[in-house]
file coords.tsv (TSV, C-alpha atoms and all ligand atoms)
chain	number	residue	atom	x	y	z
A	1	MET	CA	-8.02	13.42	16.77
A	2	THR	CA	-4.92	13.69	14.57
A	3	SER	CA	-5.34	11.95	11.24
A	4	ALA	CA	-3.03	9.03	10.52
A	5	LEU	CA	-2.17	10.49	7.14
A	6	THR	CA	-2.81	14.02	5.91
A	7	LEU	CA	-2.21	15.47	2.46
A	8	THR	CA	-2.52	19.24	2.22
A	9	ASP	CA	-2.69	20.90	-1.19
A	10	VAL	CA	-0.25	18.39	-2.67
A	11	HIS	CA	0.98	19.04	-6.21
A	12	LYS	CA	3.38	17.12	-8.42
A	13	SER	CA	4.59	18.12	-11.86
A	14	PHE	CA	6.98	16.37	-14.19
A	15	GLY	CA	8.36	19.14	-16.38
A	16	ALA	CA	5.33	21.03	-17.67
A	17	ALA	CA	2.94	18.14	-16.95
A	18	GLN	CA	0.90	18.68	-13.80
A	19	ILE	CA	0.07	15.18	-12.61
A	20	ILE	CA	-1.18	15.82	-9.05
A	21	ARG	CA	-3.12	19.05	-8.77
A	22	GLY	CA	-3.91	20.15	-5.24
A	23	VAL	CA	-4.86	16.94	-3.42
A	24	ASN	CA	-6.26	17.26	0.09
A	25	LEU	CA	-6.87	14.02	1.95
A	26	ALA	CA	-7.19	12.93	5.57
A	27	VAL	CA	-7.09	9.24	6.44
A	28	GLU	CA	-8.19	8.54	10.00
A	29	PRO	CA	-6.48	6.01	12.28
A	30	GLY	CA	-7.88	2.52	11.71
A	31	GLU	CA	-9.66	3.51	8.50
A	32	ARG	CA	-9.52	1.45	5.32
A	33	HIS	CA	-9.34	4.01	2.56
A	34	ALA	CA	-9.30	3.22	-1.16
A	35	ILE	CA	-8.07	5.46	-3.96
A	36	ILE	CA	-9.72	4.77	-7.27
A	37	GLY	CA	-9.63	6.55	-10.60
A	38	PRO	CA	-9.26	5.97	-14.31
A	39	ASN	CA	-5.92	4.92	-15.84
A	40	GLY	CA	-3.34	7.67	-15.66
A	41	ALA	CA	-5.25	9.64	-12.99
A	42	GLY	CA	-2.12	9.79	-10.80
A	43	LYS	CA	-2.77	7.05	-8.22
A	44	SER	CA	0.74	5.55	-8.36
A	45	THR	CA	2.25	9.03	-8.36
A	46	LEU	CA	0.29	9.78	-5.19
A	47	PHE	CA	1.64	6.60	-3.56
A	48	ASN	CA	5.17	7.58	-4.62
A	49	LEU	CA	4.68	10.98	-3.00
A	50	ILE	CA	3.30	9.56	0.24
A	51	SER	CA	6.01	6.90	0.57
A	52	GLY	CA	8.82	9.41	-0.03
A	53	ARG	CA	9.89	8.29	-3.48
A	54	TYR	CA	8.91	11.65	-4.99
A	55	LEU	CA	9.10	15.11	-3.43
A	56	PRO	CA	5.90	17.12	-3.88
A	57	SER	CA	6.29	20.20	-6.09
A	58	ARG	CA	4.07	21.94	-3.55
A	59	GLY	CA	2.07	21.09	-0.44
A	60	GLU	CA	2.69	18.89	2.56
A	61	ILE	CA	2.17	15.29	3.68
A	62	SER	CA	2.17	14.30	7.33
A	63	LEU	CA	2.00	11.06	9.28
A	64	HIS	CA	0.28	11.31	12.66
A	65	GLY	CA	0.72	15.08	12.44
A	66	GLU	CA	4.44	14.92	11.66
A	67	LYS	CA	5.69	16.19	8.31
A	68	ILE	CA	7.14	13.40	6.17
A	69	SER	CA	7.09	14.92	2.70
A	70	ASP	CA	10.73	15.97	2.92
A	71	LEU	CA	11.98	12.53	4.02
A	72	PRO	CA	13.46	9.72	1.89
A	73	PRO	CA	11.52	6.41	1.69
A	74	TYR	CA	13.52	4.54	4.35
A	75	LYS	CA	12.91	7.33	6.89
A	76	VAL	CA	9.20	7.42	6.06
A	77	ASN	CA	9.21	3.66	6.64
A	78	ARG	CA	10.99	4.08	9.98
A	79	LYS	CA	8.22	6.50	11.04
A	80	GLY	CA	5.68	3.71	10.59
A	81	LEU	CA	4.50	3.75	6.97
A	82	SER	CA	5.02	0.77	4.73
A	83	ARG	CA	4.03	0.19	1.10
A	84	SER	CA	3.67	-2.74	-1.21
A	85	PHE	CA	4.40	-2.56	-4.93
A	86	GLN	CA	2.48	-3.55	-8.06
A	87	ILE	CA	5.51	-5.54	-9.12
A	88	THR	CA	6.52	-7.62	-6.15
A	89	ASN	CA	9.45	-6.35	-4.18
A	90	LEU	CA	10.67	-9.60	-2.64
A	91	PHE	CA	14.17	-11.05	-2.25
A	92	HIS	CA	13.72	-13.60	-5.01
A	93	ASN	CA	16.68	-15.82	-4.14
A	94	MET	CA	15.62	-16.11	-0.53
A	95	THR	CA	13.02	-18.48	0.87
A	96	VAL	CA	9.56	-17.46	2.04
A	97	PHE	CA	10.76	-17.86	5.64
A	98	GLU	CA	13.83	-15.70	5.05
A	99	ASN	CA	11.83	-12.96	3.34
A	100	LEU	CA	9.46	-12.71	6.27
A	101	ARG	CA	12.29	-12.87	8.76
A	102	CYS	CA	13.97	-9.90	7.09
A	103	SER	CA	10.81	-7.84	7.50
A	104	LEU	CA	10.59	-8.78	11.16
A	105	LEU	CA	14.28	-7.97	11.66
A	106	TRP	CA	13.72	-4.59	10.11
A	107	ALA	CA	10.78	-4.03	12.46
A	108	GLN	CA	13.03	-4.74	15.41
A	109	GLY	CA	15.56	-2.23	14.17
A	110	TYR	CA	18.36	-4.59	13.21
A	111	LYS	CA	18.56	-3.43	9.60
A	112	TYR	CA	19.84	-6.82	8.43
A	113	SER	CA	22.69	-6.77	10.96
A	114	PHE	CA	22.63	-10.39	12.03
A	115	TRP	CA	25.34	-9.88	14.69
A	116	HIS	CA	22.85	-8.32	17.06
A	117	LEU	CA	20.72	-11.39	17.00
A	118	ILE	CA	22.74	-13.72	19.15
A	119	GLY	CA	20.44	-15.03	21.87
A	120	ARG	CA	17.29	-13.63	20.22
A	121	GLN	CA	16.90	-16.10	17.39
A	122	THR	CA	14.14	-18.11	19.05
A	123	GLY	CA	11.70	-15.23	19.42
A	124	LEU	CA	12.33	-14.16	15.86
A	125	THR	CA	11.87	-17.66	14.48
A	126	GLU	CA	8.61	-18.03	16.38
A	127	ALA	CA	7.32	-14.70	15.11
A	128	THR	CA	8.26	-15.68	11.54
A	129	GLU	CA	6.46	-19.03	11.89
A	130	GLN	CA	3.36	-17.20	13.12
A	131	TRP	CA	3.43	-14.98	10.05
A	132	LEU	CA	3.81	-18.01	7.77
A	133	GLU	CA	0.67	-19.43	9.34
A	134	ARG	CA	-1.25	-16.15	9.15
A	135	LEU	CA	-0.48	-15.94	5.44
A	136	GLY	CA	-1.26	-19.63	4.82
A	137	LEU	CA	2.27	-20.17	3.48
A	138	GLU	CA	3.50	-22.73	6.05
A	139	LYS	CA	3.86	-25.43	3.42
A	140	ARG	CA	5.92	-23.09	1.24
A	141	ARG	CA	8.24	-22.11	4.11
A	142	ASP	CA	11.51	-23.21	2.47
A	143	VAL	CA	10.65	-22.44	-1.14
A	144	GLN	CA	12.57	-19.67	-2.90
A	145	ALA	CA	10.35	-16.63	-3.50
A	146	SER	CA	11.07	-16.80	-7.23
A	147	LEU	CA	9.51	-20.29	-7.38
A	148	LEU	CA	6.18	-19.34	-5.80
A	149	THR	CA	3.06	-18.98	-7.90
A	150	TYR	CA	2.13	-15.41	-8.79
A	151	ALA	CA	-0.68	-15.31	-6.20
A	152	GLU	CA	1.66	-16.68	-3.52
A	153	GLN	CA	4.20	-13.99	-4.34
A	154	ARG	CA	1.53	-11.34	-3.94
A	155	THR	CA	0.49	-12.87	-0.62
A	156	LEU	CA	4.11	-12.84	0.56
A	157	GLU	CA	4.45	-9.25	-0.61
A	158	ILE	CA	1.43	-8.29	1.53
A	159	GLY	CA	2.99	-10.22	4.43
A	160	THR	CA	6.42	-8.60	4.19
A	161	THR	CA	4.82	-5.15	3.87
A	162	ILE	CA	2.83	-5.63	7.06
A	163	ALA	CA	5.13	-7.85	9.17
A	164	GLY	CA	7.55	-4.91	9.34
A	165	GLY	CA	5.28	-3.45	12.01
A	166	ALA	CA	4.16	-0.23	10.28
A	167	ASP	CA	0.82	1.07	11.48
A	168	VAL	CA	-0.01	2.83	8.20
A	169	VAL	CA	0.02	0.48	5.23
A	170	LEU	CA	-0.19	1.36	1.53
A	171	LEU	CA	-1.14	-1.49	-0.78
A	172	ASP	CA	-0.71	-0.92	-4.51
A	173	GLU	CA	-3.13	-3.10	-6.50
A	174	PRO	CA	-2.71	-6.11	-4.20
A	175	THR	CA	-5.12	-8.32	-6.17
A	176	ALA	CA	-3.97	-7.37	-9.69
A	177	GLY	CA	-3.67	-10.39	-11.97
A	178	MET	CA	-5.41	-12.78	-9.59
A	179	GLY	CA	-8.20	-15.21	-10.38
A	180	LEU	CA	-11.52	-15.03	-8.51
A	181	SER	CA	-10.74	-17.46	-5.70
A	182	GLU	CA	-7.23	-16.06	-5.25
A	183	ARG	CA	-8.70	-12.59	-5.06
A	184	ASP	CA	-11.20	-13.63	-2.37
A	185	HIS	CA	-8.40	-15.21	-0.38
A	186	ALA	CA	-6.28	-12.04	-0.72
A	187	MET	CA	-9.21	-9.91	0.39
A	188	ARG	CA	-9.78	-12.00	3.52
A	189	LEU	CA	-6.07	-11.88	4.21
A	190	ILE	CA	-5.86	-8.10	3.82
A	191	ARG	CA	-8.82	-7.65	6.13
A	192	GLU	CA	-7.24	-9.92	8.72
A	193	VAL	CA	-3.68	-8.60	8.66
A	194	THR	CA	-4.66	-4.92	8.58
A	195	ARG	CA	-6.90	-5.11	11.64
A	196	ASP	CA	-5.81	-2.26	13.98
A	197	LYS	CA	-3.90	-0.63	11.11
A	198	THR	CA	-4.65	2.28	8.82
A	199	LEU	CA	-4.90	1.11	5.25
A	200	LEU	CA	-4.63	3.07	2.02
A	201	ILE	CA	-5.20	0.93	-1.02
A	202	VAL	CA	-5.05	1.55	-4.77
A	203	GLU	CA	-7.10	-1.06	-6.55
A	204	HIS	CA	-8.76	-1.37	-9.95
A	205	ASP	CA	-11.08	-4.21	-8.96
A	206	MET	CA	-14.25	-2.46	-7.79
A	207	SER	CA	-15.57	-5.53	-5.97
A	208	VAL	CA	-12.46	-5.46	-3.78
A	209	VAL	CA	-12.72	-1.71	-3.25
A	210	PHE	CA	-16.39	-1.70	-2.30
A	211	GLU	CA	-16.01	-4.75	-0.08
A	212	LEU	CA	-12.93	-3.55	1.81
A	213	ALA	CA	-13.06	0.22	2.07
A	214	ASP	CA	-14.66	2.35	4.77
A	215	ARG	CA	-14.08	5.38	2.59
A	216	ILE	CA	-13.19	5.90	-1.06
A	217	SER	CA	-11.46	8.84	-2.74
A	218	VAL	CA	-11.83	9.23	-6.47
A	219	LEU	CA	-8.86	10.73	-8.29
A	220	VAL	CA	-9.39	12.13	-11.78
A	221	TYR	CA	-6.64	14.01	-13.65
A	222	GLY	CA	-4.74	14.53	-10.41
A	223	GLU	CA	-7.68	15.91	-8.44
A	224	VAL	CA	-9.88	14.27	-5.82
A	225	ILE	CA	-13.43	14.70	-7.15
A	226	ALA	CA	-15.12	12.75	-4.33
A	227	SER	CA	-14.11	11.34	-0.96
A	228	ASP	CA	-16.90	9.53	0.83
A	229	THR	CA	-18.45	6.25	1.97
A	230	PRO	CA	-18.75	3.49	-0.66
A	231	ASP	CA	-22.52	4.04	-0.97
A	232	ALA	CA	-22.18	7.79	-1.48
A	233	VAL	CA	-19.39	7.32	-4.03
A	234	ARG	CA	-21.45	4.75	-5.92
A	235	GLY	CA	-24.28	7.26	-6.27
A	236	ASN	CA	-22.08	10.24	-7.12
A	237	ALA	CA	-22.90	11.60	-10.61
A	238	ALA	CA	-19.41	13.09	-11.19
A	239	VAL	CA	-17.82	9.75	-10.37
A	240	GLN	CA	-20.14	7.89	-12.71
A	241	GLU	CA	-19.26	10.34	-15.45
A	242	ALA	CA	-15.51	9.98	-14.84
A	243	TYR	CA	-15.87	6.22	-15.16
A	244	LEU	CA	-18.04	6.28	-18.26
A	245	GLY	CA	-16.52	3.89	-20.74
A	246	GLU	CA	-14.24	2.36	-18.09
A	247	ALA	CA	-14.73	-1.35	-17.52
A	248	HIS	CA	-15.55	-1.74	-13.82
B	1	LIG	N1	8.37	9.91	-13.42
B	1	LIG	C1	7.47	10.41	-14.29
B	1	LIG	N2	7.83	11.27	-15.26
B	1	LIG	C2	6.93	11.78	-16.13
B	1	LIG	N3	5.63	11.45	-16.13
B	1	LIG	C3	5.20	10.58	-15.20
B	1	LIG	C4	6.09	10.01	-14.24
B	1	LIG	N4	5.38	9.17	-13.44
B	1	LIG	C5	4.11	9.22	-13.89
B	1	LIG	N5	4.00	10.06	-14.93
B	1	LIG	C6	2.77	10.37	-15.68
B	1	LIG	O1	1.78	10.72	-14.73
B	1	LIG	C7	0.50	10.28	-15.16
B	1	LIG	C8	-0.16	9.50	-14.05
B	1	LIG	O2	0.52	8.27	-13.89
B	1	LIG	P1	0.21	7.27	-12.69
B	1	LIG	O3	1.02	6.04	-12.94
B	1	LIG	O4	0.40	7.96	-11.40
B	1	LIG	O5	-1.34	7.00	-12.91
B	1	LIG	P2	-2.24	5.84	-12.29
B	1	LIG	O6	-3.52	6.48	-11.89
B	1	LIG	O7	-1.49	5.10	-11.26
B	1	LIG	O8	-2.48	4.93	-13.58
B	1	LIG	P3	-2.80	3.36	-13.68
B	1	LIG	O9	-4.18	3.19	-13.11
B	1	LIG	O10	-2.75	3.12	-15.14
B	1	LIG	O11	-1.75	2.63	-12.91
B	1	LIG	C9	0.71	9.48	-16.42
B	1	LIG	O12	0.40	10.30	-17.51
B	1	LIG	C10	2.20	9.17	-16.40
B	1	LIG	O13	2.72	9.09	-17.70

call {"tool": "encode", "arguments": {"input": "coords.tsv", "output": "structure tokens"}}
result
Amino acid sequence: MTSALTLTDVHKSFGAAQIIRGVNLAVEPGERHAIIGPNGAGKSTLFNLISGRYLPSRGEISLHGEKISDLPPYKVNRKGLSRSFQITNLFHNMTVFENLRCSLLWAQGYKYSFWHLIGRQTGLTEATEQWLERLGLEKRRDVQASLLTYAEQRTLEIGTTIAGGADVVLLDEPTAGMGLSERDHAMRLIREVTRDKTLLIVEHDMSVVFELADRISVLVYGEVIASDTPDAVRGNAAVQEAYLGEAH
């Protein structure tokens, strides 16, 4: 079986600083895979490499067996990989409905060209309404994204990342800054909306990681020191040592 996402000997340096140092990773189709590691380990850099924002200094990244590490972000997205951001990436002056509709438009290949939509509005509106319901944002349908609560913005960010139809989804700290009940809601939502998708998640909250992930890779100083099931990672001595002194 071809892996959904494969990283082969990936390196990234900024000047003399080697930030990612020979990462090998295979994420299988349908797997929920978490990347954890202490602050500054290179997790965001890894996401930037996978999503096409950075070019690797060395090594290769492929999506369903096809090389993507030489493509810009929008082409990686077109191939079926979508990512969310730590700082929400919404259209703040647009409503919740409009934000979701843009993602669905993009999925259908219209690239914000509304002229192609004549006669197809109904299907699109219905699909957008379904997403509103899935996310529990029906009552906030016509509210500008900038006026949502922080947790609602994060929920919408997850929605717009996934509604675009990508089958490989990267979520960057989706529950950061949330309270306990908001976090539980976000976790249920992520589980629900990523069914049948491949998920790669960077998350600091260990309860989220251990609850959601089928497999966990631990990144320390730009190297994967363990990649295993949650139970095996929990018992791994090198991982415990890397986290010594970290609040988790
Ligand atoms: N564009 C860049 N230029 C130079 N150095 C960078 C750049 N991006 C990241 N770094 C450095 O790479 C290292 C890893 O950063 P990165 O943000 O990937 O870590 P992280 O594991 O995501 O950290 P955190 O958990 O705190 O978000 C840091 O030392 C950072 O300063």

call {"tool": "atom_distance", "arguments": {"input": "coords.tsv", "atom1": "CA of Glu223 (chain A)", "atom2": "CA of Ile68 (chain A)"}}
result
21.0 Å

call {"tool": "closest_residue", "arguments": {"input": "coords.tsv", "among": "A:Gln144, A:Asn89, A:Thr194, A:Thr8", "to": "Ala163 (chain A)", "atoms": "all atoms listed in the file"}}
result
A:Thr194

call {"tool": "closest_residue", "arguments": {"input": "coords.tsv", "among": "A:Leu219, A:Ala176, A:Val168, A:Leu124", "to": "Arg32 (chain A)", "atoms": "all atoms listed in the file"}}
result
A:Val168

call {"tool": "residues_near_ligand", "arguments": {"input": "coords.tsv", "ligand": "ligand LIG 1 (chain B)", "cutoff": "6 Å", "atoms": "all atoms listed in the file", "output": "list in words"}}
result
Phe14, Ile19, Pro38, Asn39, Gly40, Ala41, Gly42, Lys43, Ser44 and Thr45 of chain A

call {"tool": "closest_residue", "arguments": {"input": "coords.tsv", "among": "A:Thr175, A:Gly222, A:Asn24, A:Glu192", "to": "Ser207 (chain A)", "atoms": "only C-alpha atoms"}}
result
A:Thr175

call {"tool": "closest_residue", "arguments": {"input": "coords.tsv", "among": "A:Trp131, A:Ser84, A:Glu138, A:Asp172", "to": "Ile158 (chain A)", "atoms": "only C-alpha atoms"}}
result
A:Ser84

call {"tool": "atom_distance", "arguments": {"input": "coords.tsv", "atom1": "CA of Trp106 (chain A)", "atom2": "CA of Ser146 (chain A)"}}
result
21.4 Å

call {"tool": "atom_distance", "arguments": {"input": "coords.tsv", "atom1": "CA of Val224 (chain A)", "atom2": "CA of Leu63 (chain A)"}}
result
19.5 Å

call {"tool": "residues_around", "arguments": {"input": "coords.tsv", "residues": "region 226-229 of chain A", "least_positions_apart": "4", "cutoff": "6 Å", "atoms": "all atoms listed in the file", "output": "ChimeraX atom specification"}}
result
/A:215-218,233

call {"tool": "residues_around", "arguments": {"input": "coords.tsv", "residues": "region 199-203 of chain A", "least_positions_apart": "4", "cutoff": "10 Å", "atoms": "all atoms listed in the file", "output": "mmCIF file with C-alpha atoms, in the frame of the given file"}}
result
data_model
loop_
_atom_site.group_PDB
_atom_site.id
_atom_site.type_symbol
_atom_site.label_atom_id
_atom_site.label_comp_id
_atom_site.auth_asym_id
_atom_site.auth_seq_id
_atom_site.Cartn_x
_atom_site.Cartn_y
_atom_site.Cartn_z
ATOM 1 C CA ALA A 4 -3.030 9.030 10.520
ATOM 2 C CA LEU A 5 -2.170 10.490 7.140
ATOM 3 C CA VAL A 27 -7.090 9.240 6.440
ATOM 4 C CA GLU A 28 -8.190 8.540 10.000
ATOM 5 C CA PRO A 29 -6.480 6.010 12.280
ATOM 6 C CA GLY A 30 -7.880 2.520 11.710
ATOM 7 C CA GLU A 31 -9.660 3.510 8.500
ATOM 8 C CA ARG A 32 -9.520 1.450 5.320
ATOM 9 C CA HIS A 33 -9.340 4.010 2.560
ATOM 10 C CA ALA A 34 -9.300 3.220 -1.160
ATOM 11 C CA ILE A 35 -8.070 5.460 -3.960
ATOM 12 C CA ILE A 36 -9.720 4.770 -7.270
ATOM 13 C CA GLY A 37 -9.630 6.550 -10.600
ATOM 14 C CA LYS A 43 -2.770 7.050 -8.220
ATOM 15 C CA SER A 44 0.740 5.550 -8.360
ATOM 16 C CA LEU A 46 0.290 9.780 -5.190
ATOM 17 C CA PHE A 47 1.640 6.600 -3.560
ATOM 18 C CA LEU A 81 4.500 3.750 6.970
ATOM 19 C CA SER A 82 5.020 0.770 4.730
ATOM 20 C CA ARG A 83 4.030 0.190 1.100
ATOM 21 C CA SER A 84 3.670 -2.740 -1.210
ATOM 22 C CA GLN A 86 2.480 -3.550 -8.060
ATOM 23 C CA ASP A 167 0.820 1.070 11.480
ATOM 24 C CA VAL A 168 -0.010 2.830 8.200
ATOM 25 C CA VAL A 169 0.020 0.480 5.230
ATOM 26 C CA LEU A 170 -0.190 1.360 1.530
ATOM 27 C CA LEU A 171 -1.140 -1.490 -0.780
ATOM 28 C CA ASP A 172 -0.710 -0.920 -4.510
ATOM 29 C CA GLU A 173 -3.130 -3.100 -6.500
ATOM 30 C CA PRO A 174 -2.710 -6.110 -4.200
ATOM 31 C CA THR A 175 -5.120 -8.320 -6.170
ATOM 32 C CA ALA A 176 -3.970 -7.370 -9.690
ATOM 33 C CA ILE A 190 -5.860 -8.100 3.820
ATOM 34 C CA ARG A 191 -8.820 -7.650 6.130
ATOM 35 C CA THR A 194 -4.660 -4.920 8.580
ATOM 36 C CA ARG A 195 -6.900 -5.110 11.640
ATOM 37 C CA SER A 207 -15.570 -5.530 -5.970
ATOM 38 C CA VAL A 208 -12.460 -5.460 -3.780
ATOM 39 C CA VAL A 209 -12.720 -1.710 -3.250
ATOM 40 C CA LEU A 212 -12.930 -3.550 1.810
ATOM 41 C CA ALA A 213 -13.060 0.220 2.070
ATOM 42 C CA ASP A 214 -14.660 2.350 4.770
ATOM 43 C CA ARG A 215 -14.080 5.380 2.590
ATOM 44 C CA ILE A 216 -13.190 5.900 -1.060
ATOM 45 C CA SER A 217 -11.460 8.840 -2.740
#

call {"tool": "closest_residue", "arguments": {"input": "coords.tsv", "among": "A:Ile162, A:Ala151, A:Leu137, A:Ala145", "to": "Ser103 (chain A)", "atoms": "only C-alpha atoms"}}
result
A:Ile162

call {"tool": "residues_around", "arguments": {"input": "coords.tsv", "residues": "Arg101 (chain A)", "least_positions_apart": "4", "cutoff": "8 Å", "atoms": "all atoms listed in the file", "output": "JSON list (two decimals) with C-alpha atoms, in the frame of the given file"}}
result
[["chain", "number", "residue", "atom", "x", "y", "z"],
["A", 97, "PHE", "CA", 10.76, -17.86, 5.64],
["A", 105, "LEU", "CA", 14.28, -7.97, 11.66],
["A", 124, "LEU", "CA", 12.33, -14.16, 15.86],
["A", 125, "THR", "CA", 11.87, -17.66, 14.48],
["A", 128, "THR", "CA", 8.26, -15.68, 11.54]]

call {"tool": "residues_around", "arguments": {"input": "coords.tsv", "residues": "Gly22 (chain A)", "least_positions_apart": "3", "cutoff": "7 Å", "atoms": "all atoms listed in the file", "output": "tab-separated table (two decimals) with C-alpha atoms, keeping the file's coordinate frame"}}
result
chain	number	residue	atom	x	y	z
A	9	ASP	CA	-2.69	20.90	-1.19
A	10	VAL	CA	-0.25	18.39	-2.67
A	11	HIS	CA	0.98	19.04	-6.21
A	223	GLU	CA	-7.68	15.91	-8.44

call {"tool": "closest_residue", "arguments": {"input": "coords.tsv", "among": "A:Val143, A:Leu55, A:Met1, A:Leu135", "to": "Glu98 (chain A)", "atoms": "only C-alpha atoms"}}
result
A:Val143

call {"tool": "decode", "arguments": {"input": "coords.tsv", "residues": "region 11-34 of chain A", "atoms": "N, CA and C atoms", "output": "tab-separated table (two decimals), in the first residue's frame"}}
result
chain	number	residue	atom	x	y	z
A	11	HIS	N	15.65	17.30	5.20
A	11	HIS	CA	16.48	18.25	5.96
A	11	HIS	C	16.01	19.67	5.66
A	12	LYS	N	16.15	20.55	6.65
A	12	LYS	CA	15.94	21.97	6.39
A	12	LYS	C	16.88	22.80	7.26
A	13	SER	N	17.65	23.65	6.60
A	13	SER	CA	18.55	24.56	7.32
A	13	SER	C	18.15	25.98	7.01
A	14	PHE	N	18.32	26.84	7.99
A	14	PHE	CA	18.21	28.28	7.77
A	14	PHE	C	19.61	28.83	8.03
A	15	GLY	N	20.31	29.24	6.99
A	15	GLY	CA	21.70	29.62	7.15
A	15	GLY	C	22.48	28.42	7.68
A	16	ALA	N	23.20	28.64	8.77
A	16	ALA	CA	24.00	27.55	9.33
A	16	ALA	C	23.18	26.67	10.28
A	17	ALA	N	21.97	27.13	10.62
A	17	ALA	CA	21.18	26.39	11.61
A	17	ALA	C	20.42	25.24	10.95
A	18	GLN	N	20.75	24.02	11.38
A	18	GLN	CA	20.05	22.84	10.86
A	18	GLN	C	18.83	22.59	11.74
A	19	ILE	N	17.67	22.84	11.19
A	19	ILE	CA	16.44	22.74	12.00
A	19	ILE	C	15.78	21.37	11.86
A	20	ILE	N	15.71	20.86	10.64
A	20	ILE	CA	15.18	19.50	10.41
A	20	ILE	C	16.34	18.66	9.90
A	21	ARG	N	16.58	17.53	10.61
A	21	ARG	CA	17.84	16.81	10.37
A	21	ARG	C	17.60	15.34	10.02
A	22	GLY	N	17.13	15.13	8.78
A	22	GLY	CA	16.99	13.75	8.30
A	22	GLY	C	15.73	13.07	8.81
A	23	VAL	N	14.57	13.69	8.57
A	23	VAL	CA	13.31	13.09	9.03
A	23	VAL	C	12.78	12.10	8.00
A	24	ASN	N	12.48	10.89	8.49
A	24	ASN	CA	11.79	9.87	7.70
A	24	ASN	C	10.46	9.60	8.37
A	25	LEU	N	9.40	9.62	7.58
A	25	LEU	CA	8.07	9.44	8.17
A	25	LEU	C	7.13	8.90	7.11
A	26	ALA	N	6.31	7.93	7.49
A	26	ALA	CA	5.28	7.44	6.56
A	26	ALA	C	3.95	7.47	7.29
A	27	VAL	N	3.00	8.20	6.73
A	27	VAL	CA	1.66	8.27	7.33
A	27	VAL	C	0.72	7.50	6.41
A	28	GLU	N	0.08	6.48	6.98
A	28	GLU	CA	-0.74	5.60	6.14
A	28	GLU	C	-2.13	6.19	5.91
A	29	PRO	N	-2.77	5.82	4.78
A	29	PRO	CA	-4.10	6.36	4.50
A	29	PRO	C	-5.08	6.06	5.64
A	30	GLY	N	-5.79	7.05	6.07
A	30	GLY	CA	-6.79	6.89	7.12
A	30	GLY	C	-6.23	6.99	8.53
A	31	GLU	N	-4.92	7.11	8.64
A	31	GLU	CA	-4.29	7.17	9.96
A	31	GLU	C	-4.43	8.56	10.57
A	32	ARG	N	-4.54	8.59	11.90
A	32	ARG	CA	-4.44	9.87	12.62
A	32	ARG	C	-3.09	9.89	13.30
A	33	HIS	N	-2.23	10.77	12.82
A	33	HIS	CA	-0.83	10.76	13.25
A	33	HIS	C	-0.50	12.09	13.92
A	34	ALA	N	0.03	12.04	15.12
A	34	ALA	CA	0.38	13.28	15.82
A	34	ALA	C	1.89	13.46	15.84
